[in-house]
file protein33.csv (CSV, N, CA and C atoms)
chain,number,residue,atom,x,y,z
A,1,MET,N,235.8,-1.6,62.1
A,1,MET,CA,235.5,-2.8,62.8
A,1,MET,C,235.5,-2.5,64.3
A,2,VAL,N,236.6,-1.9,64.8
A,2,VAL,CA,236.8,-1.6,66.2
A,2,VAL,C,235.7,-0.7,66.7
A,3,THR,N,235.3,0.3,65.9
A,3,THR,CA,234.3,1.3,66.3
A,3,THR,C,233.0,0.6,66.5
A,4,ARG,N,232.7,-0.4,65.7
A,4,ARG,CA,231.4,-1.1,65.9
A,4,ARG,C,231.3,-1.9,67.2
A,5,ARG,N,232.5,-2.4,67.6
A,5,ARG,CA,232.5,-3.3,68.8
A,5,ARG,C,232.5,-2.4,70.1
A,6,LEU,N,233.0,-1.3,70.0
A,6,LEU,CA,233.0,-0.4,71.2
A,6,LEU,C,231.7,-0.1,71.8
A,7,PRO,N,230.6,0.2,71.0
A,7,PRO,CA,229.3,0.4,71.7
A,7,PRO,C,228.8,-0.9,72.3
A,8,ALA,N,229.0,-2.0,71.6
A,8,ALA,CA,228.5,-3.3,72.2
A,8,ALA,C,229.3,-3.6,73.5
A,9,LEU,N,230.5,-3.3,73.5
A,9,LEU,CA,231.3,-3.6,74.7
A,9,LEU,C,230.9,-2.7,75.8
A,10,LEU,N,230.7,-1.4,75.5
A,10,LEU,CA,230.2,-0.5,76.6
A,10,LEU,C,228.8,-0.9,77.1
A,11,ALA,N,227.9,-1.3,76.2
A,11,ALA,CA,226.6,-1.7,76.7
A,11,ALA,C,226.7,-2.9,77.6
A,12,THR,N,227.6,-3.9,77.2
A,12,THR,CA,227.8,-5.1,78.1
A,12,THR,C,228.3,-4.7,79.4
A,13,LEU,N,229.3,-3.8,79.5
A,13,LEU,CA,229.9,-3.4,80.7
A,13,LEU,C,228.8,-2.7,81.6
A,14,LEU,N,228.0,-1.8,81.0
A,14,LEU,CA,227.0,-1.1,81.8
A,14,LEU,C,226.0,-2.1,82.3
A,15,ALA,N,225.6,-3.1,81.5
A,15,ALA,CA,224.7,-4.1,82.0
A,15,ALA,C,225.2,-4.9,83.2
A,16,LEU,N,226.5,-5.2,83.1
A,16,LEU,CA,227.1,-6.0,84.2
A,16,LEU,C,227.2,-5.1,85.5
A,17,VAL,N,227.6,-3.9,85.3
A,17,VAL,CA,227.7,-3.0,86.5
A,17,VAL,C,226.3,-2.8,87.1
A,18,GLY,N,225.3,-2.7,86.3
A,18,GLY,CA,223.9,-2.6,86.9
A,18,GLY,C,223.5,-3.8,87.6
A,19,CYS,N,224.1,-5.0,87.4
A,19,CYS,CA,223.7,-6.2,88.0
A,19,CYS,C,224.6,-6.6,89.2
A,20,ALA,N,225.5,-5.7,89.5
A,20,ALA,CA,226.4,-6.1,90.6
A,20,ALA,C,225.7,-6.2,91.9
A,21,THR,N,226.0,-7.2,92.7
A,21,THR,CA,225.4,-7.4,94.0
A,21,THR,C,226.4,-7.5,95.1
A,22,SER,N,226.0,-7.3,96.3
A,22,SER,CA,226.9,-7.3,97.4
A,22,SER,C,226.4,-8.2,98.5
A,23,THR,N,227.3,-8.8,99.2
A,23,THR,CA,226.9,-9.5,100.4
A,23,THR,C,228.0,-9.3,101.5
A,24,ARG,N,227.5,-9.0,102.7
A,24,ARG,CA,228.5,-8.7,103.8
A,24,ARG,C,228.1,-9.7,104.9
A,25,THR,N,229.1,-10.3,105.5
A,25,THR,CA,229.0,-11.2,106.6
A,25,THR,C,229.8,-10.8,107.8
A,26,ALA,N,229.2,-10.9,109.0
A,26,ALA,CA,229.9,-10.7,110.2
A,26,ALA,C,229.7,-11.8,111.2
A,27,ASN,N,230.8,-12.3,111.8
A,27,ASN,CA,230.7,-13.4,112.8
A,27,ASN,C,231.1,-12.7,114.1
A,28,MET,N,230.4,-13.1,115.2
A,28,MET,CA,230.7,-12.5,116.5
A,28,MET,C,230.5,-13.5,117.6
A,29,GLY,N,231.3,-13.4,118.6
A,29,GLY,CA,231.1,-14.3,119.8
A,29,GLY,C,231.8,-15.7,119.5
A,30,PRO,N,233.1,-15.7,119.4
A,30,PRO,CA,233.7,-17.0,119.2
A,30,PRO,C,233.5,-18.0,120.3
A,31,LEU,N,233.1,-19.2,119.8
A,31,LEU,CA,233.0,-20.4,120.7
A,31,LEU,C,233.9,-21.5,120.1
A,32,PRO,N,234.2,-22.5,120.9
A,32,PRO,CA,235.0,-23.6,120.3
A,32,PRO,C,234.2,-24.3,119.1
A,33,THR,N,232.9,-24.1,119.1
A,33,THR,CA,232.1,-24.8,118.0
A,33,THR,C,231.9,-23.8,116.8
A,34,GLY,N,232.3,-22.6,116.9
A,34,GLY,CA,232.1,-21.6,115.8
A,34,GLY,C,231.5,-20.3,116.5
A,35,PRO,N,231.1,-19.4,115.6
A,35,PRO,CA,230.6,-18.1,116.2
A,35,PRO,C,229.2,-18.3,116.8
A,36,LEU,N,229.0,-17.5,117.9
A,36,LEU,CA,227.6,-17.5,118.5
A,36,LEU,C,226.6,-16.9,117.5
A,37,VAL,N,227.1,-15.8,116.8
A,37,VAL,CA,226.2,-15.1,115.9
A,37,VAL,C,226.9,-14.9,114.5
A,38,THR,N,226.1,-15.2,113.5
A,38,THR,CA,226.5,-14.9,112.1
A,38,THR,C,225.4,-14.0,111.5
A,39,LEU,N,225.8,-12.9,111.0
A,39,LEU,CA,224.9,-11.9,110.4
A,39,LEU,C,225.3,-11.8,108.9
A,40,ILE,N,224.3,-12.1,108.0
A,40,ILE,CA,224.6,-12.0,106.6
A,40,ILE,C,223.6,-10.9,106.0
A,41,VAL,N,224.1,-9.9,105.4
A,41,VAL,CA,223.2,-8.9,104.8
A,41,VAL,C,223.6,-8.8,103.3
A,42,THR,N,222.5,-8.9,102.5
A,42,THR,CA,222.8,-8.9,101.1
A,42,THR,C,221.7,-8.2,100.3
A,43,ASP,N,222.1,-7.7,99.1
A,43,ASP,CA,221.1,-7.2,98.1
A,43,ASP,C,220.9,-8.2,97.0
A,44,ASP,N,221.3,-9.4,97.2
A,44,ASP,CA,221.2,-10.5,96.3
A,44,ASP,C,220.1,-11.5,96.8
A,45,ARG,N,219.0,-11.5,96.1
A,45,ARG,CA,217.9,-12.4,96.6
A,45,ARG,C,218.3,-13.9,96.5
A,46,ALA,N,219.2,-14.2,95.5
A,46,ALA,CA,219.6,-15.6,95.4
A,46,ALA,C,220.4,-16.1,96.7
A,47,VAL,N,221.1,-15.1,97.3
A,47,VAL,CA,221.9,-15.5,98.5
A,47,VAL,C,220.9,-15.7,99.6
A,48,VAL,N,219.8,-14.9,99.7
A,48,VAL,CA,218.8,-15.1,100.7
A,48,VAL,C,218.1,-16.5,100.5
A,49,ALA,N,217.8,-16.7,99.3
A,49,ALA,CA,217.1,-18.0,99.0
A,49,ALA,C,218.0,-19.2,99.3
A,50,ARG,N,219.2,-19.1,99.0
A,50,ARG,CA,220.2,-20.2,99.3
A,50,ARG,C,220.3,-20.4,100.8
A,51,GLU,N,220.6,-19.3,101.5
A,51,GLU,CA,220.9,-19.4,103.0
A,51,GLU,C,219.6,-19.8,103.8
A,52,CYS,N,218.4,-19.4,103.3
A,52,CYS,CA,217.2,-19.6,104.0
A,52,CYS,C,216.4,-20.8,103.4
A,53,ARG,N,217.0,-21.6,102.6
A,53,ARG,CA,216.3,-22.7,101.9
A,53,ARG,C,215.5,-23.6,102.8
A,54,GLU,N,215.9,-23.8,104.0
A,54,GLU,CA,215.3,-24.8,104.9
A,54,GLU,C,214.1,-24.1,105.7
A,55,VAL,N,213.9,-22.8,105.5
A,55,VAL,CA,212.9,-22.1,106.3
A,55,VAL,C,211.6,-22.2,105.5
A,56,PRO,N,210.5,-22.7,106.1
A,56,PRO,CA,209.2,-22.8,105.4
A,56,PRO,C,208.6,-21.4,105.2
A,57,ALA,N,208.1,-21.1,104.1
A,57,ALA,CA,207.5,-19.8,103.8
A,57,ALA,C,206.4,-20.0,102.7
A,58,LEU,N,205.4,-19.1,102.9
A,58,LEU,CA,204.3,-19.1,101.9
A,58,LEU,C,204.6,-18.2,100.7
A,59,GLY,N,205.5,-17.2,100.9
A,59,GLY,CA,205.7,-16.2,99.9
A,59,GLY,C,207.2,-16.1,99.7
A,60,PRO,N,207.6,-15.0,99.1
A,60,PRO,CA,209.1,-14.7,98.9
A,60,PRO,C,209.7,-14.5,100.3
A,61,VAL,N,210.9,-15.1,100.4
A,61,VAL,CA,211.7,-15.0,101.6
A,61,VAL,C,212.7,-13.8,101.5
A,62,LEU,N,212.5,-12.9,102.4
A,62,LEU,CA,213.4,-11.7,102.4
A,62,LEU,C,214.4,-11.8,103.6
A,63,GLY,N,214.3,-12.8,104.4
A,63,GLY,CA,215.3,-13.0,105.5
A,63,GLY,C,214.9,-14.2,106.3
A,64,CYS,N,215.7,-14.6,107.2
A,64,CYS,CA,215.4,-15.7,108.1
A,64,CYS,C,216.4,-15.6,109.3
A,65,SER,N,216.0,-16.4,110.3
A,65,SER,CA,217.0,-16.6,111.4
A,65,SER,C,217.0,-18.1,111.7
A,66,ILE,N,218.1,-18.7,111.7
A,66,ILE,CA,218.3,-20.1,111.9
A,66,ILE,C,219.1,-20.4,113.1
A,67,TRP,N,218.6,-21.2,114.0
A,67,TRP,CA,219.2,-21.6,115.2
A,67,TRP,C,219.6,-23.0,115.2
A,68,ARG,N,220.7,-23.4,115.8
A,68,ARG,CA,221.1,-24.7,116.1
A,68,ARG,C,221.8,-24.8,117.4
A,69,THR,N,221.7,-26.0,118.0
A,69,THR,CA,222.2,-26.2,119.4
A,69,THR,C,223.6,-26.9,119.3
A,70,VAL,N,224.5,-26.3,120.1
A,70,VAL,CA,225.8,-26.8,120.2
A,70,VAL,C,226.2,-27.0,121.7
A,71,GLN,N,227.2,-27.7,121.9
A,71,GLN,CA,227.7,-27.8,123.3
A,71,GLN,C,229.2,-27.4,123.3
A,72,PRO,N,229.5,-26.1,123.5
A,72,PRO,CA,230.9,-25.7,123.4
A,72,PRO,C,231.8,-26.3,124.5
A,73,ASP,N,231.2,-26.6,125.6
A,73,ASP,CA,232.0,-27.2,126.7
A,73,ASP,C,231.7,-28.7,126.9
A,74,GLY,N,231.0,-29.2,125.9
A,74,GLY,CA,230.7,-30.7,126.0
A,74,GLY,C,229.5,-31.1,126.8
A,75,LYS,N,228.9,-30.1,127.5
A,75,LYS,CA,227.7,-30.4,128.3
A,75,LYS,C,226.6,-29.4,128.3
A,76,THR,N,226.9,-28.1,128.1
A,76,THR,CA,225.9,-27.1,128.2
A,76,THR,C,225.3,-26.8,126.8
A,77,ASP,N,224.0,-26.9,126.6
A,77,ASP,CA,223.4,-26.6,125.4
A,77,ASP,C,223.4,-25.1,125.1
A,78,VAL,N,223.9,-24.7,124.0
A,78,VAL,CA,223.9,-23.3,123.6
A,78,VAL,C,223.3,-23.2,122.2
A,79,LYS,N,222.4,-22.2,122.0
A,79,LYS,CA,221.9,-21.9,120.7
A,79,LYS,C,222.8,-20.9,120.0
A,80,VAL,N,223.3,-21.3,118.8
A,80,VAL,CA,224.0,-20.4,117.9
A,80,VAL,C,223.0,-20.0,116.8
A,81,MET,N,223.2,-18.8,116.3
A,81,MET,CA,222.2,-18.1,115.5
A,81,MET,C,222.8,-17.6,114.2
A,82,LYS,N,222.1,-17.8,113.1
A,82,LYS,CA,222.5,-17.2,111.8
A,82,LYS,C,221.3,-16.3,111.4
A,83,VAL,N,221.5,-15.0,111.1
A,83,VAL,CA,220.5,-14.2,110.6
A,83,VAL,C,220.9,-13.7,109.2
A,84,VAL,N,219.9,-13.9,108.3
A,84,VAL,CA,220.2,-13.5,106.9
A,84,VAL,C,219.1,-12.6,106.6
A,85,ARG,N,219.4,-11.4,105.9
A,85,ARG,CA,218.4,-10.5,105.5
A,85,ARG,C,218.7,-9.8,104.2
A,86,TYR,N,217.7,-9.6,103.5
A,86,TYR,CA,217.8,-8.9,102.2
A,86,TYR,C,217.8,-7.4,102.6
A,87,THR,N,218.5,-6.6,101.8
A,87,THR,CA,218.5,-5.1,102.0
A,87,THR,C,218.5,-4.4,100.6
A,88,ASP,N,217.9,-3.2,100.6
A,88,ASP,CA,217.9,-2.5,99.4
A,88,ASP,C,219.1,-1.5,99.4
A,89,ALA,N,219.8,-1.4,100.5
A,89,ALA,CA,221.0,-0.5,100.6
A,89,ALA,C,221.9,-1.2,101.6
A,90,MET,N,223.1,-1.5,101.2
A,90,MET,CA,224.1,-2.2,102.0
A,90,MET,C,224.6,-1.3,103.1
A,91,PRO,N,224.7,-1.9,104.3
A,91,PRO,CA,225.3,-1.1,105.4
A,91,PRO,C,226.8,-1.1,105.3
A,92,SER,N,227.4,-0.1,105.9
A,92,SER,CA,228.9,0.0,105.9
A,92,SER,C,229.4,-1.2,106.7
A,93,LYS,N,230.7,-1.4,106.6
A,93,LYS,CA,231.4,-2.5,107.4
A,93,LYS,C,231.2,-2.2,108.9
A,94,LEU,N,231.4,-0.9,109.2
A,94,LEU,CA,231.2,-0.4,110.6
A,94,LEU,C,229.8,-0.7,111.1
A,95,ALA,N,228.8,-0.3,110.4
A,95,ALA,CA,227.4,-0.5,110.8
A,95,ALA,C,227.1,-2.0,111.0
A,96,LEU,N,227.6,-2.9,110.0
A,96,LEU,CA,227.4,-4.3,110.1
A,96,LEU,C,228.1,-4.9,111.4
A,97,GLU,N,229.3,-4.4,111.7
A,97,GLU,CA,230.0,-5.0,112.8
A,97,GLU,C,229.2,-4.5,114.1
A,98,ILE,N,228.7,-3.3,114.2
A,98,ILE,CA,228.0,-2.9,115.4
A,98,ILE,C,226.7,-3.7,115.5
A,99,ASP,N,226.0,-3.9,114.4
A,99,ASP,CA,224.8,-4.7,114.5
A,99,ASP,C,225.0,-6.1,115.0
A,100,ALA,N,226.1,-6.8,114.4
A,100,ALA,CA,226.4,-8.1,114.8
A,100,ALA,C,226.8,-8.2,116.3
A,101,HIS,N,227.6,-7.2,116.7
A,101,HIS,CA,228.1,-7.1,118.1
A,101,HIS,C,226.9,-7.0,119.1
A,102,GLU,N,226.0,-6.1,118.8
A,102,GLU,CA,224.8,-5.9,119.7
A,102,GLU,C,223.9,-7.2,119.7
A,103,LEU,N,223.7,-7.8,118.5
A,103,LEU,CA,222.9,-9.0,118.4
A,103,LEU,C,223.6,-10.1,119.2
A,104,CYS,N,224.9,-10.2,119.2
A,104,CYS,CA,225.6,-11.2,119.9
A,104,CYS,C,225.4,-11.0,121.4
A,105,HIS,N,225.3,-9.8,121.9
A,105,HIS,CA,225.0,-9.6,123.4
A,105,HIS,C,223.6,-10.1,123.7
A,106,VAL,N,222.7,-9.9,122.8
A,106,VAL,CA,221.3,-10.3,123.1
A,106,VAL,C,221.2,-11.8,123.1
A,107,VAL,N,221.8,-12.5,122.2
A,107,VAL,CA,221.8,-13.9,122.1
A,107,VAL,C,222.5,-14.5,123.3
A,108,ALA,N,223.7,-14.0,123.7
A,108,ALA,CA,224.4,-14.5,124.8
A,108,ALA,C,223.6,-14.3,126.1
A,109,ALA,N,223.0,-13.1,126.3
A,109,ALA,CA,222.3,-12.8,127.6
A,109,ALA,C,221.1,-13.8,127.8
A,110,LEU,N,220.6,-14.3,126.8
A,110,LEU,CA,219.4,-15.2,126.9
A,110,LEU,C,219.8,-16.7,127.2
A,111,GLN,N,221.1,-16.9,127.4
A,111,GLN,CA,221.6,-18.3,127.6
A,111,GLN,C,222.5,-18.4,128.8
A,112,PRO,N,222.7,-19.7,129.3
A,112,PRO,CA,223.5,-19.9,130.5
A,112,PRO,C,225.0,-19.9,130.1
A,113,ILE,N,225.6,-18.9,129.5
A,113,ILE,CA,227.0,-18.8,129.1
A,113,ILE,C,227.6,-17.5,129.5
A,114,ASP,N,228.9,-17.5,129.6
A,114,ASP,CA,229.6,-16.2,129.7
A,114,ASP,C,229.5,-15.5,128.3
A,115,ASP,N,229.3,-14.2,128.3
A,115,ASP,CA,229.2,-13.5,127.1
A,115,ASP,C,230.5,-13.5,126.3
A,116,PRO,N,230.5,-14.1,125.1
A,116,PRO,CA,231.8,-14.2,124.4
A,116,PRO,C,232.0,-13.1,123.4
A,117,CYS,N,231.1,-12.1,123.4
A,117,CYS,CA,231.1,-11.1,122.4
A,117,CYS,C,232.3,-10.1,122.3
A,118,HIS,N,233.1,-10.1,123.4
A,118,HIS,CA,234.3,-9.2,123.4
A,118,HIS,C,235.5,-10.1,123.2
A,119,VAL,N,235.4,-11.4,123.1
A,119,VAL,CA,236.6,-12.2,123.0
A,119,VAL,C,237.2,-12.0,121.6
A,120,GLY,N,238.4,-11.7,121.5
A,120,GLY,CA,239.1,-11.5,120.3
A,120,GLY,C,239.1,-10.0,119.8
A,121,ASN,N,238.2,-9.2,120.3
A,121,ASN,CA,238.1,-7.8,119.9
A,121,ASN,C,238.3,-6.8,121.1
A,122,GLY,N,238.2,-7.3,122.3
A,122,GLY,CA,238.4,-6.5,123.4
A,122,GLY,C,237.3,-5.4,123.5
A,123,GLY,N,236.2,-5.6,122.8
A,123,GLY,CA,235.1,-4.7,122.9
A,123,GLY,C,235.3,-3.5,122.0
A,124,VAL,N,236.4,-3.5,121.2
A,124,VAL,CA,236.7,-2.4,120.3
A,124,VAL,C,236.3,-2.7,118.9
A,125,VAL,N,235.6,-1.7,118.3
A,125,VAL,CA,235.2,-1.8,116.9
A,125,VAL,C,236.4,-1.9,116.0
A,126,ARG,N,236.5,-2.9,115.1
A,126,ARG,CA,237.7,-3.1,114.2
A,126,ARG,C,237.5,-2.6,112.8
A,127,SER,N,236.2,-2.4,112.4
A,127,SER,CA,236.0,-2.0,111.0
A,127,SER,C,236.1,-0.5,110.8
A,128,GLY,N,236.4,-0.2,109.5
A,128,GLY,CA,236.5,1.2,109.2
A,128,GLY,C,237.8,1.9,109.5
A,129,VAL,N,237.8,3.1,109.3
A,129,VAL,CA,239.0,3.9,109.7
A,129,VAL,C,238.8,4.7,111.0
A,130,SER,N,239.8,5.1,111.6
A,130,SER,CA,239.7,5.9,112.8
A,130,SER,C,238.8,7.1,112.6
A,131,ASN,N,238.1,7.4,113.6
A,131,ASN,CA,237.2,8.6,113.5
A,131,ASN,C,237.5,9.5,114.7
A,132,VAL,N,236.9,10.7,114.7
A,132,VAL,CA,237.2,11.7,115.7
A,132,VAL,C,236.8,11.3,117.1
A,133,ARG,N,235.9,10.4,117.2
A,133,ARG,CA,235.4,10.0,118.5
A,133,ARG,C,236.2,8.8,119.1
A,134,GLY,N,237.1,8.3,118.3
A,134,GLY,CA,238.0,7.2,118.8
A,134,GLY,C,237.3,5.9,118.9
A,135,MET,N,236.2,5.7,118.1
A,135,MET,CA,235.5,4.4,118.2
A,135,MET,C,236.2,3.3,117.6
A,136,THR,N,237.1,3.6,116.6
A,136,THR,CA,237.8,2.5,116.0
A,136,THR,C,239.3,2.8,116.1
A,137,HIS,N,240.1,1.8,115.8
A,137,HIS,CA,241.5,2.0,115.7
A,137,HIS,C,242.1,1.3,114.5
call {"tool": "encode", "arguments": {"input": "protein33.csv", "output": "structure tokens"}}
result
Amino acid sequence: MVTRRLPALLATLLALVGCATSTRTANMGPLPTGPLVTLIVTDDRAVVARECREVPALGPVLGCSIWRTVQPDGKTDVKVMKVVRYTDAMPSKLALEIDAHELCHVVAALQPIDDPCHVGNGGVVRSGVSNVRGMTH
């Protein structure tokens, strides 16, 4: 009886492993109203569909950028941004953090605000393990 269940159990486990999905999120540029930039990278099309549901599209949505206006100081309009994108290969935590950091600088530079992209991290990459070039700690 146990030997009959074992192949079925293995087949179920293999099917579940084959269906595993990943989503990585990075927030950068802290403001009193929340992060200046949120970057979501996923290999799960359902996550993209959920996060981008308000974006009009004629075909399948593989990504989106959503902006909203906030006033972190109570008077200055600032656009905060969420970027969601589908991927066929997940980036490492380090690569995602670098992407979000550089995107944060772009979004900040286009607005009348002090760049918040080094607040809380001192401009030092926090993801991953130390490497020979000293990029992380």
call {"tool": "residues_around", "arguments": {"input": "protein33.csv", "residues": "Val80 in chain A", "least_positions_apart": "4", "cutoff": "6 Å", "atoms": "all atoms listed in the file", "output": "PyMOL selection string"}}
result
chain A and resi 35-37+66-70
call {"tool": "closest_residue", "arguments": {"input": "protein33.csv", "among": "A:Gln71, A:Thr21, A:Thr76, A:Gly29", "to": "Gly120 in chain A", "atoms": "all atoms listed in the file"}}
result
A:Gly29
call {"tool": "select_by_dssp", "arguments": {"input": "protein33.csv", "residues": "range 5-126 of chain A", "states": "alpha helix (DSSP H)", "output": "PyMOL selection string"}}
result
chain A and resi 5-18+45-51+93-109
call {"tool": "closest_residue", "arguments": {"input": "protein33.csv", "among": "A:Ala57, A:Val78, A:Arg85, A:Lys93", "to": "Ile113 in chain A", "atoms": "all atoms listed in the file"}}
result
A:Val78
call {"tool": "atom_distance", "arguments": {"input": "protein33.csv", "atom1": "atom N of Leu110 in chain A", "atom2": "atom N of Asp88 in chain A"}}
result
28.6 Å
call {"tool": "closest_residue", "arguments": {"input": "protein33.csv", "among": "A:Asn121, A:Cys52, A:Asp114, A:Thr23", "to": "Ser65 in chain A", "atoms": "all atoms listed in the file"}}
result
A:Cys52
call {"tool": "closest_residue", "arguments": {"input": "protein33.csv", "among": "A:Lys79, A:Val47, A:Leu62, A:Asp73", "to": "Val106 in chain A", "atoms": "only C-alpha atoms"}}
result
A:Lys79
call {"tool": "atom_distance", "arguments": {"input": "protein33.csv", "atom1": "CA of Thr42 in chain A", "atom2": "CA of Gln111 in chain A"}}
result
28.1 Å
call {"tool": "residues_near_point", "arguments": {"input": "protein33.csv", "point": "(220.3, -8.0, 100.8)", "cutoff": "5 Å", "atoms": "all atoms listed in the file", "output": "list in words"}}
result
Val41, Thr42, Asp43, Asp44, Arg85, Tyr86 and Thr87 of chain A
